[in-house]
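Coordinates from entry_9.txt are shown below (compact mmCIF, C-alpha atoms).
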```txt
# COMPACT_ATOMS: atom_id res chain seq x y z
CA MET C 1 -14.98 -8.96 -20.77
CA ASP C 2 -13.38 -10.37 -17.59
CA LYS C 3 -11.72 -7.87 -15.28
CA LEU C 4 -8.29 -8.61 -13.86
CA ASP C 5 -8.67 -8.80 -10.07
CA PHE C 6 -5.40 -9.18 -8.16
CA LYS C 7 -7.20 -10.35 -5.01
CA LYS C 8 -8.38 -13.38 -6.99
CA THR C 9 -5.36 -14.08 -9.21
CA ASP C 10 -2.87 -13.58 -6.35
CA LYS C 11 -5.04 -14.59 -3.41
CA ALA C 12 -2.09 -15.60 -1.20
CA PHE C 13 -0.73 -12.05 -1.32
CA TYR C 14 -3.99 -10.53 -0.03
CA SER C 15 -4.94 -13.01 2.70
CA GLY C 16 -3.59 -14.37 5.97
CA LYS C 17 -4.38 -15.59 9.45
CA THR C 18 -4.62 -13.54 12.64
CA GLY C 19 -1.96 -14.45 15.18
CA ARG C 20 0.10 -16.35 12.63
CA TRP C 21 3.02 -15.12 10.54
CA ASP C 22 3.22 -16.96 7.22
CA ARG C 23 6.32 -16.92 5.05
CA VAL C 24 5.64 -15.79 1.47
CA VAL C 25 7.80 -14.82 -1.49
CA ILE C 26 6.54 -11.69 -3.25
CA PRO C 27 7.57 -11.20 -6.90
CA ALA C 28 8.11 -7.89 -8.68
CA MET C 29 4.92 -5.84 -9.02
CA LEU C 30 4.07 -2.53 -10.65
CA PHE C 31 2.55 0.28 -8.58
CA LEU C 32 1.34 3.82 -8.75
CA ALA C 33 3.07 5.44 -5.79
CA VAL C 34 3.56 8.72 -3.97
CA GLU C 35 5.93 9.27 -1.02
CA GLY C 36 5.88 11.46 2.07
CA GLN C 37 6.32 11.68 5.84
CA GLY C 38 4.11 12.11 8.89
CA ASP C 39 0.99 10.89 10.63
CA PRO C 40 -1.21 8.63 8.45
CA GLY C 41 -4.15 10.64 9.72
CA GLY C 42 -2.53 13.90 8.69
CA ALA C 43 -3.12 16.25 5.78
CA GLU C 44 -0.07 15.16 3.76
CA TYR C 45 -0.96 11.46 3.72
CA THR C 46 -4.63 12.21 3.05
CA ALA C 47 -3.73 14.42 0.08
CA ALA C 48 -1.33 11.82 -1.33
CA VAL C 49 -3.96 9.08 -1.21
CA ALA C 50 -6.55 11.43 -2.71
CA ALA C 51 -4.21 11.98 -5.67
CA LEU C 52 -3.60 8.26 -6.27
CA TYR C 53 -7.19 7.26 -6.95
CA PRO C 54 -8.18 9.60 -9.82
CA VAL C 55 -4.93 8.74 -11.63
CA ALA C 56 -5.58 5.02 -11.08
CA TYR C 57 -9.12 5.27 -12.42
CA ALA C 58 -7.99 7.27 -15.46
CA ILE C 59 -5.56 4.43 -16.23
CA LYS C 60 -8.30 1.85 -15.58
CA PHE C 61 -10.63 3.52 -18.09
CA ALA C 62 -7.85 3.66 -20.69
CA CYS C 63 -7.17 -0.06 -20.16
CA LYS C 64 -10.90 -0.82 -20.38
CA ALA C 65 -11.13 1.03 -23.70
CA ALA C 66 -8.29 -1.18 -24.93
CA GLY C 67 -10.12 -4.34 -23.80
CA GLN C 68 -7.97 -4.98 -20.70
CA ASP C 69 -10.10 -3.82 -17.77
CA PHE C 70 -9.02 -4.36 -14.16
CA VAL C 71 -10.35 -3.89 -10.64
CA VAL C 72 -8.60 -1.05 -8.81
CA PRO C 73 -7.04 -2.97 -5.91
CA PRO C 74 -6.84 -2.12 -2.19
CA LEU C 75 -4.67 0.75 -1.04
CA GLU C 76 -1.22 -0.29 0.17
CA ALA C 77 1.56 1.57 1.94
CA LEU C 78 5.17 1.05 2.90
CA TRP C 79 6.17 2.46 6.28
CA TRP C 80 9.61 3.09 7.73
CA ALA C 81 11.62 5.34 10.04
CA ASP C 82 15.24 5.89 10.95
CA ASP C 83 14.40 4.12 14.22
CA MET C 84 11.91 1.30 13.58
CA ASP C 85 10.82 1.41 17.24
CA ALA C 86 9.00 4.62 16.27
CA PHE C 87 6.20 2.30 15.16
CA VAL C 88 6.09 0.52 18.50
CA ARG C 89 6.08 3.87 20.36
CA GLY C 90 3.48 5.39 18.03
CA ASP C 91 5.86 8.26 17.16
CA ARG C 92 3.90 9.13 14.04
CA ALA C 93 5.60 12.42 13.17
CA ASN C 94 8.74 10.47 12.24
CA TRP C 95 6.96 7.84 10.15
CA ARG C 96 7.83 7.88 6.47
CA TRP C 97 5.55 6.28 3.90
CA LYS C 98 4.92 5.40 0.30
CA ALA C 99 1.22 5.06 -0.58
CA MET C 100 0.60 2.68 -3.48
CA LEU C 101 -1.99 1.13 -5.78
CA ARG C 102 -0.98 -1.93 -7.77
CA MET C 103 -1.20 -1.68 -11.55
CA PRO C 104 -1.34 -4.37 -14.26
CA GLU C 105 1.79 -5.21 -16.19
CA GLY C 106 1.85 -3.21 -19.39
CA VAL C 107 0.88 0.12 -17.84
CA SER C 108 3.49 2.53 -19.21
CA GLU C 109 4.88 5.96 -18.45
CA GLU C 110 2.98 7.21 -21.49
CA MET C 111 -0.29 5.92 -20.02
CA LEU C 112 0.56 7.51 -16.67
CA ASN C 113 1.32 10.87 -18.33
CA ALA C 114 -1.98 10.75 -20.22
CA ALA C 115 -3.89 9.88 -17.03
CA ARG C 116 -2.22 12.66 -15.07
CA ALA C 117 -3.03 15.15 -17.84
CA LYS C 118 -6.72 14.18 -17.72
CA VAL C 119 -6.85 14.51 -13.93
CA LEU C 120 -5.04 17.86 -13.97
CA ALA C 121 -7.36 19.19 -16.69
CA LYS C 122 -10.36 18.24 -14.58
CA LEU C 123 -8.85 19.83 -11.48
CA ALA C 124 -8.29 23.07 -13.37
CA LYS C 125 -12.05 23.30 -13.91
CA ASP C 126 -13.00 22.28 -10.35
CA LYS C 127 -11.62 24.73 -7.80
CA ASP C 128 -13.35 22.85 -4.95
CA ALA C 129 -11.75 19.49 -5.71
CA ALA C 130 -10.29 17.57 -2.76
CA THR C 131 -7.27 16.57 -4.84
CA ASP C 132 -4.48 19.07 -5.50
CA ALA C 133 -2.28 19.33 -8.58
CA ASP C 134 1.06 19.05 -6.75
CA HIS C 135 0.24 15.60 -5.37
CA VAL C 136 -1.10 14.44 -8.74
CA GLU C 137 2.19 15.51 -10.33
CA ALA C 138 4.06 13.50 -7.66
CA VAL C 139 2.33 10.20 -8.52
CA GLY C 140 4.74 7.90 -10.34
CA LEU C 141 5.11 4.34 -11.58
CA TRP C 142 7.33 2.14 -9.45
CA ARG C 143 8.35 -1.52 -9.72
CA TYR C 144 8.99 -3.24 -6.40
CA GLU C 145 10.13 -6.78 -5.56
CA GLU C 146 9.94 -7.68 -1.87
CA GLY C 147 11.07 -11.30 -2.05
CA ASP C 148 11.11 -13.26 1.23
CA CYS C 149 8.49 -11.92 3.68
CA LEU C 150 6.51 -12.69 6.82
CA GLN C 151 2.81 -11.87 6.49
CA ALA C 152 -0.22 -11.90 8.80
CA LEU C 153 -3.79 -10.63 8.90
CA HIS C 154 -4.58 -8.00 11.52
CA VAL C 155 -8.21 -7.47 12.51
CA GLY C 156 -8.78 -4.30 14.49
CA SER C 157 -7.87 -0.65 14.54
CA TYR C 158 -4.61 0.57 13.08
CA ALA C 159 -3.63 1.85 16.53
CA ASP C 160 -3.73 -1.73 17.85
CA GLU C 161 -0.97 -2.88 15.49
CA ALA C 162 1.88 -1.72 17.76
CA PRO C 163 2.01 -4.80 20.08
CA VAL C 164 1.67 -7.13 17.06
CA LEU C 165 4.66 -5.47 15.40
CA ALA C 166 6.63 -5.41 18.65
CA ASP C 167 6.19 -9.19 18.90
CA LEU C 168 7.26 -9.60 15.27
CA HIS C 169 10.35 -7.42 15.67
CA HIS C 170 11.54 -8.69 19.05
CA GLU C 171 10.32 -12.30 19.23
CA VAL C 172 9.23 -13.83 15.91
CA MET C 173 12.00 -12.56 13.63
CA PRO C 174 14.90 -13.17 16.08
CA GLY C 175 13.45 -16.60 16.85
CA MET C 176 13.63 -17.47 13.15
CA GLY C 177 17.11 -16.01 12.72
CA LEU C 178 15.78 -13.18 10.57
CA THR C 179 16.11 -9.42 10.43
CA PHE C 180 14.60 -6.56 8.41
CA GLY C 181 14.93 -7.00 4.66
CA GLY C 182 12.84 -4.01 3.60
CA HIS C 183 10.13 -1.60 4.70
CA HIS C 184 7.05 -2.59 6.71
CA HIS C 185 4.15 -3.07 4.28
CA GLU C 186 0.40 -2.81 4.89
CA ILE C 187 -2.51 -3.65 2.57
CA TYR C 188 -5.84 -2.16 3.60
CA LEU C 189 -8.55 -4.69 2.81
CA SER C 190 -11.29 -2.65 4.52
CA ASP C 191 -12.59 0.86 3.92
CA PRO C 192 -12.23 2.75 7.25
CA CYS C 193 -15.10 5.03 6.19
CA ARG C 194 -17.48 2.05 6.07
CA VAL C 195 -16.07 -0.47 8.56
CA ALA C 196 -15.90 -0.12 12.35
CA PRO C 197 -12.31 0.18 13.70
CA GLU C 198 -12.51 -3.15 15.54
CA LYS C 199 -13.44 -4.93 12.30
CA LEU C 200 -10.84 -3.43 9.97
CA LYS C 201 -8.80 -6.04 8.08
CA THR C 202 -5.19 -5.23 7.22
CA ILE C 203 -2.44 -7.40 5.77
CA LEU C 204 0.82 -6.80 7.67
CA ARG C 205 3.93 -7.75 5.73
CA GLN C 206 7.61 -7.53 6.61
CA PRO C 207 10.39 -8.35 4.11
CA VAL C 208 13.10 -10.35 5.88
CA LYS C 209 16.63 -11.64 5.39
CA PRO C 210 18.98 -13.85 7.45
CA ALA C 211 20.23 -12.04 10.55
```
Now that the file is in, can you turn its structure into C-alpha cells?
Amino acid sequence: MDKLDFKKTDKAFYSGKTGRWDRVVIPAMLFLAVEGQGDPGGAEYTAAVAALYPVAYAIKFACKAAGQDFVVPPLEALWWADDMDAFVRGDRANWRWKAMLRMPEGVSEEMLNAARAKVLAKLAKDKDAATDADHVEAVGLWRYEEGDCLQALHVGSYADEAPVLADLHHEVMPGMGLTFGGHHHEIYLSDPCRVAPEKLKTILRQPVKPA
C-alpha cells in the first residue's frame, strides 16, 4: 500500500531556494492545530507540539487500518504579533503561534475525537508522560487557505531568521507593491534534535496582498 507523502505530492510547497523569494499560491489544506503565545523554546510551545504528535499518529494508524496510510509531515507553525517588528527585534514573549501538522482530506471530527480519546486513555495510565491532557484536548482540526504567498528556504539557526525577515518586510514586499496578507508561516524540514543549528532547513512563507 502506497503512503500519501505531502512532500512528494506537493513538492513546491515544501521546497525553495536560499536568498530567493518565490511566489506561490497555496490552496486550502487541513491541519491538526493548537494555538498559544510565547517563546518557541518555552514550556507552552513545547507542550503544544508534544500534544500534536500522538494525536496525529493515532489518526495515521486509523487511516492505515482503513487502507489510506500517510506519512506524518513536517511540523509547521504560524507566527504573528500585534507589532510584526517583534520578530525582527526577537521580542519572543509577544510572539503568538499556531503549531500545525497537515492532515489528509477526509480526516473528520469523529476521527479526531477517537484519536484524542485513545491518547487521553494512554496518558491516564502513564503519569510520567511528557504530554499533558489539557494540550491534547486543545488540539483541533482547522482548514486554512493562504493563497498568494512569497516563500524561501532558510538554512541556519532559527535565531538567524531575523535579518531575512527584515529584508522581506522592508525591501522585498514594498518593492513588489505587496503587504501582509496573513500570518508568517514556517515549515520545519529538519529535526533540531538531530541536525546542527547551522544546517537546519526551514521554509519561510509570507501570505501577501497588494499594498
(request) Please provide as a list in words all residues within 12 Å of Ala43 (chain C), with the sequence filter that same-chain residues fewer than 4 positions apart are discarded (counting only C-alpha atoms). (result) Gly36, Gln37, Gly38, Asp39, Ala47, Ala48, Val49, Ala50, Ala130, Thr131, Asp132 and His135 of chain C
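Here CA of Val119 (chain C) is placed at a distance of 11.6 Å from CA of Asp134 (chain C).
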(message) Show me the residues around (-2.4, 10.7, -2.5) - criterion: an atom at most 9 Å away, all atoms listed in the file counted - as JSON, numbers by chain.
(response) {"C": [33, 34, 35, 44, 45, 46, 47, 48, 49, 50, 51, 52, 53, 99, 100, 131, 135, 136, 138, 139]}
Write the residues of the selection above to a file with C-alpha atoms, as an mmCIF file, in the frame of the given file.
```
data_model
loop_
_atom_site.group_PDB
_atom_site.id
_atom_site.type_symbol
_atom_site.label_atom_id
_atom_site.label_comp_id
_atom_site.auth_asym_id
_atom_site.auth_seq_id
_atom_site.Cartn_x
_atom_site.Cartn_y
_atom_site.Cartn_z
ATOM 1 C CA ALA C 33 3.070 5.440 -5.790
ATOM 2 C CA VAL C 34 3.560 8.720 -3.970
ATOM 3 C CA GLU C 35 5.930 9.270 -1.020
ATOM 4 C CA GLU C 44 -0.070 15.160 3.760
ATOM 5 C CA TYR C 45 -0.960 11.460 3.720
ATOM 6 C CA THR C 46 -4.630 12.210 3.050
ATOM 7 C CA ALA C 47 -3.730 14.420 0.080
ATOM 8 C CA ALA C 48 -1.330 11.820 -1.330
ATOM 9 C CA VAL C 49 -3.960 9.080 -1.210
ATOM 10 C CA ALA C 50 -6.550 11.430 -2.710
ATOM 11 C CA ALA C 51 -4.210 11.980 -5.670
ATOM 12 C CA LEU C 52 -3.600 8.260 -6.270
ATOM 13 C CA TYR C 53 -7.190 7.260 -6.950
ATOM 14 C CA ALA C 99 1.220 5.060 -0.580
ATOM 15 C CA MET C 100 0.600 2.680 -3.480
ATOM 16 C CA THR C 131 -7.270 16.570 -4.840
ATOM 17 C CA HIS C 135 0.240 15.600 -5.370
ATOM 18 C CA VAL C 136 -1.100 14.440 -8.740
ATOM 19 C CA ALA C 138 4.060 13.500 -7.660
ATOM 20 C CA VAL C 139 2.330 10.200 -8.520
#
```
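Using all atoms listed in the file, the shortest contact distance between Glu161 (chain C) and any of C:Gly41, C:Gly181, C:Pro197, C:Gly106 is found at C:Pro197.
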(message) Quick check, in Å to one decimal: how far apart do CA of Asp85 (chain C) and CA of Gln206 (chain C) lie?
(response) 14.3 Å
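Proximity to Ala56 (chain C) was assessed for C:Gln68, C:Val24, C:Lys11, C:Ala115 counting only C-alpha atoms; the smallest distance is recorded for C:Ala115.
Considering the residues C:Cys193, C:Ala81, C:Ala162, C:Val172 and counting all atoms listed in the file, Lys98 (chain C) has its shortest atom-to-atom contact with C:Ala81.
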(request) Rounded to one decimal place, report the CA of His184 (chain C)-CA of Ala93 (chain C) distance in Å. (result) 16.4 Å
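Take the candidates C:Ile187, C:Val72, C:Val208, C:Ala159 and check each one against Asp22 (chain C) using all atoms listed in the file; the shortest distance goes to C:Val208.
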Around (-4.5, 6.8, -17.1) in the file's frame, which residues reach within 10 Å when counting all atoms listed in the file? Return as a short mmCIF file (atom, residue, chain, number, x, y, z; two decimals) with C-alpha atoms, keeping the file's coordinate frame?
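Listing of part_20.cif after writing:
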```cif
data_model
loop_
_atom_site.label_atom_id
_atom_site.label_comp_id
_atom_site.auth_asym_id
_atom_site.auth_seq_id
_atom_site.Cartn_x
_atom_site.Cartn_y
_atom_site.Cartn_z
CA PRO C 54 -8.18 9.60 -9.82
CA VAL C 55 -4.93 8.74 -11.63
CA ALA C 56 -5.58 5.02 -11.08
CA TYR C 57 -9.12 5.27 -12.42
CA ALA C 58 -7.99 7.27 -15.46
CA ILE C 59 -5.56 4.43 -16.23
CA LYS C 60 -8.30 1.85 -15.58
CA PHE C 61 -10.63 3.52 -18.09
CA ALA C 62 -7.85 3.66 -20.69
CA CYS C 63 -7.17 -0.06 -20.16
CA VAL C 107 0.88 0.12 -17.84
CA SER C 108 3.49 2.53 -19.21
CA GLU C 109 4.88 5.96 -18.45
CA GLU C 110 2.98 7.21 -21.49
CA MET C 111 -0.29 5.92 -20.02
CA LEU C 112 0.56 7.51 -16.67
CA ASN C 113 1.32 10.87 -18.33
CA ALA C 114 -1.98 10.75 -20.22
CA ALA C 115 -3.89 9.88 -17.03
CA ARG C 116 -2.22 12.66 -15.07
CA ALA C 117 -3.03 15.15 -17.84
CA LYS C 118 -6.72 14.18 -17.72
CA VAL C 119 -6.85 14.51 -13.93
#
```
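Between Ala196 (chain C) and the residues C:Pro210, C:Pro163, C:Gly177, C:Gly156, the shortest atom-to-atom distance, using all atoms listed in the file, involves C:Gly156.
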Emit as lines of an AutoDock Vina configuration file the padded axis-aligned box for all listed atoms of region 95-106 of chain C, 6 Å per side, with centre and edge lengths in Å to one decimal.
```
center_x = 2.9
center_y = 1.3
center_z = -4.6
size_x = 21.8
size_y = 25.1
size_z = 41.5
```
(request) Choose the residue, out of C:Val195, C:Ala166, C:Leu178, C:Leu153, that has the smallest atom-to-atom separation from Trp21 (chain C); count only C-alpha atoms. (result) C:Leu153
